[in-house]
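> I have a structure here, written as C-alpha cells, and I will follow up with some questions on it.
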Protein chains: 2
Amino acid sequence: MALFSMKLDNLQQLYVKELRDLYDAESQITEALPKMIDHAHNPQLKQALQEHLSVTKHQITRLDRIFQMLGEKPTGETCKGMKGVIKEGDEIISAGGDPSTVDAGIISAAQRVEHYEMAGYGTVRTYAKLLGQQEMAKLLQQTLDEEAQADSKLTEIANTVNVEAKAA
Amino acid sequence: MALFSMKLDNLQQLYVKELRDLYDAESQITEALPKMIDHAHNPQLKQALQEHLSVTKHQITRLDRIFQMLGEKPTGETCKGMKGVIKEGDEIISAGGDPSTVDAGIISAAQRVEHYEMAGYGTVRTYAKLLGQQEMAKLLQQTLDEEAQADSKLTEIANTVNVEAKAA
C-alpha cells in the first residue's frame with residue numbers, strides 16, 4: 001500500500017486504495033518472476049514459478065474486471081511492501097552459490113511474496129463482503145485460494161530442496 | 001532478508017542469514033509499533049498492538065538466545081521487506097481521516113507485518129528442524145504461534161472496526 005496522499009474517509013475508499021496496491025504488487029511480481037525462474041535450478045521449482053507467473057497474469061485480469069465493476073482506474077499506487085520483498089529475492093539471486101541453497105533462498109523469498117499477498121487479498125475480500133460486493137468478493141477469494149495453493153506447492157518443493165542444501 | 005553480500009554455500013549459512021533478517025525485522029517492528037499505538041483510535045486495537053509490542057520484545061530475547069546457541073552475532077542484515085511493509089503503515093497514519101477507517105488501515109498494515117513474519121519464522125523453524133537443532137526449532141515455533149495468534153486477534157478486532165468504517 002503506497003496509498004494515501006489523501007485522507008481516508010470510509011471503507012469503500014480504503015477498499016479501492018488497497019486494490020490498487022495489490023494491482024501494483026501483482027505487476028511487480030510479473031516483472032520479478034522471470035528472473036527467479038531463470039536463476040532457479042530445481043526443475044520442479046522452475047515449473048512452479050512458471051505456472052505462478054501464468055496464474056499471476058490471470059489474477060491481474062481478475063483485478064481489471066473488479067476495477068471495471070467499480071468504475072475506477074487500477075493505477076496510482078506503488079506497493080512499497082512488495083518492492084522490499086522482491087528486492088530480497090534479487091539479493092539471493094545475485095549472491096549465487098550452491099544451487100540447492102540458492103533454490104532454498106528463492107523459495108523462502110517467494111513464500112514471503114505469497115504471504116504478503118494472502119494478507120492483502122484476505123483484507124480486500126473481507127471489505128468486499130462487508131460492502132455487499134459479493135461478485136468481487138468471490139473473485140478475490142479465488143485469487144486468495146490460488147496464493148495459498150502456490151505457497152503449499154513451494155513448501156512441498158522445499159522438502160526436497162532443503163535436504164539437498166543441508167548436504168551441500 | 002537483506003542478506004547476501006556473500007555466496008550461499010549451504011542451508012546452515014542460509015539459516016543464520018535468515019535469522020539475522022528476522023532479528024532486524026523485529027527491531028524495526030519495535031520501533032514502528034509505538035507510533036501505530038499512538039494513532040490507533042479503537043481501545044481494543046490500541047491494547048492488542050501494545051500487547052504485541054511486549055510480545056515482540058520477548059521474541060527478540062528468544063532470537064538472542066538462538067544466536068548465543070549458534071555462537072553467531074545477530075546483526076548485519078537489513079530486512080528490506082519489513083522496511084517497505086512498515087512504510088505502508090506510516091502512510092496510513094500520515095493520511096489520517098475517519099478514525100475507524102484509519103484503524104481499519106492500521107489493522108491491514110499490521111496483518112501484512114504478521115504474515116511476513118509468519119513466512120519468515122515458518123522457514124527458519126523448518127531449517128532448524130532439518131539441521132537437527134530441535135531446541136531452536138521449538139523456540140521458533142513459539143514465535144510462529146504468537147504471530148498467528150496476533151493475526152487472529154487483529155481479524156477479530158477488524159470485525160468491529162470495518163463495520164464502523166463502512167458506516168463512516
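By order in the C-alpha cells, chains are A, B, ...; within a chain, residues start at 1; ligands start at 1, following the order shown.
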Find the spatial neighbours of stretch 121-134 of chain B, counting only C-alpha atoms, within a cut-off of 8 Å - ignore same-chain residues fewer than 5 positions away - and output them as a list in words.
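So the residues in contact are Ser108, Asn162, Val163 and Lys166 of chain A; Leu11, Gln12, Tyr15, Glu18, Leu19, Leu22, Leu140, Gln141, Thr143 and Leu144 of chain B.
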> Determine which residues of chain B sit within 6 Å of chain A, taking into account only C-alpha atoms, and present them as an MDAnalysis selection string.
chainID B and resid 1:2 4 6:11 80:81 84:85 88 91 95:98 101 112 115:116 119 165:166 168
> Any chance you can output those residues with C-alpha atoms as a PDB file, in the first residue's frame?

ATOM      1  CA  MET B   1      16.328 -10.596   4.047  1.00  0.00           C
ATOM      2  CA  ALA B   2      18.864  -8.021   3.131  1.00  0.00           C
ATOM      3  CA  PHE B   4      23.859 -11.794   0.610  1.00  0.00           C
ATOM      4  CA  MET B   6      28.472 -13.305   0.171  1.00  0.00           C
ATOM      5  CA  LYS B   7      27.719 -16.593  -1.582  1.00  0.00           C
ATOM      6  CA  LEU B   8      25.189 -19.035  -0.189  1.00  0.00           C
ATOM      7  CA  ASP B   9      27.085 -22.261   0.380  1.00  0.00           C
ATOM      8  CA  ASN B  10      24.693 -24.392   2.428  1.00  0.00           C
ATOM      9  CA  LEU B  11      21.480 -24.458   4.455  1.00  0.00           C
ATOM     10  CA  LYS B  80      14.155  -4.569   3.233  1.00  0.00           C
ATOM     11  CA  GLY B  81      10.822  -6.383   3.061  1.00  0.00           C
ATOM     12  CA  GLY B  84       8.589  -1.486   2.861  1.00  0.00           C
ATOM     13  CA  VAL B  85       5.737  -3.011   4.840  1.00  0.00           C
ATOM     14  CA  GLU B  88       2.920   1.445   4.250  1.00  0.00           C
ATOM     15  CA  GLU B  91       1.493   6.308   5.124  1.00  0.00           C
ATOM     16  CA  ALA B  95      -3.089  10.187   5.704  1.00  0.00           C
ATOM     17  CA  GLY B  96      -5.466  10.448   8.648  1.00  0.00           C
ATOM     18  CA  GLY B  97      -9.214  10.778   8.104  1.00  0.00           C
ATOM     19  CA  ASP B  98     -12.201   8.949   9.600  1.00  0.00           C
ATOM     20  CA  THR B 101     -11.163   3.841   8.532  1.00  0.00           C
ATOM     21  CA  ARG B 112       0.813  -7.671   6.411  1.00  0.00           C
ATOM     22  CA  HIS B 115       2.039 -12.533   7.515  1.00  0.00           C
ATOM     23  CA  TYR B 116       5.541 -11.524   6.503  1.00  0.00           C
ATOM     24  CA  ALA B 119       6.506 -16.748   6.309  1.00  0.00           C
ATOM     25  CA  ALA B 165     -15.595   2.316   8.742  1.00  0.00           C
ATOM     26  CA  LYS B 166     -18.316   1.167   6.329  1.00  0.00           C
ATOM     27  CA  ALA B 168     -18.470   6.458   8.062  1.00  0.00           C
TER      28      ALA B 168
END
> Quick one: everything within 12 Å of stretch 55-57 of chain B, counting only C-alpha atoms, minus sequence neighbours fewer than 5 positions away in the same chain. Send it as a count of residues only.
29
> Please indicate the distance in Å from atom CA of B:Met69 to atom CA of B:Met136, rounded to one decimal place.
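A separation of 8.4 Å between them.
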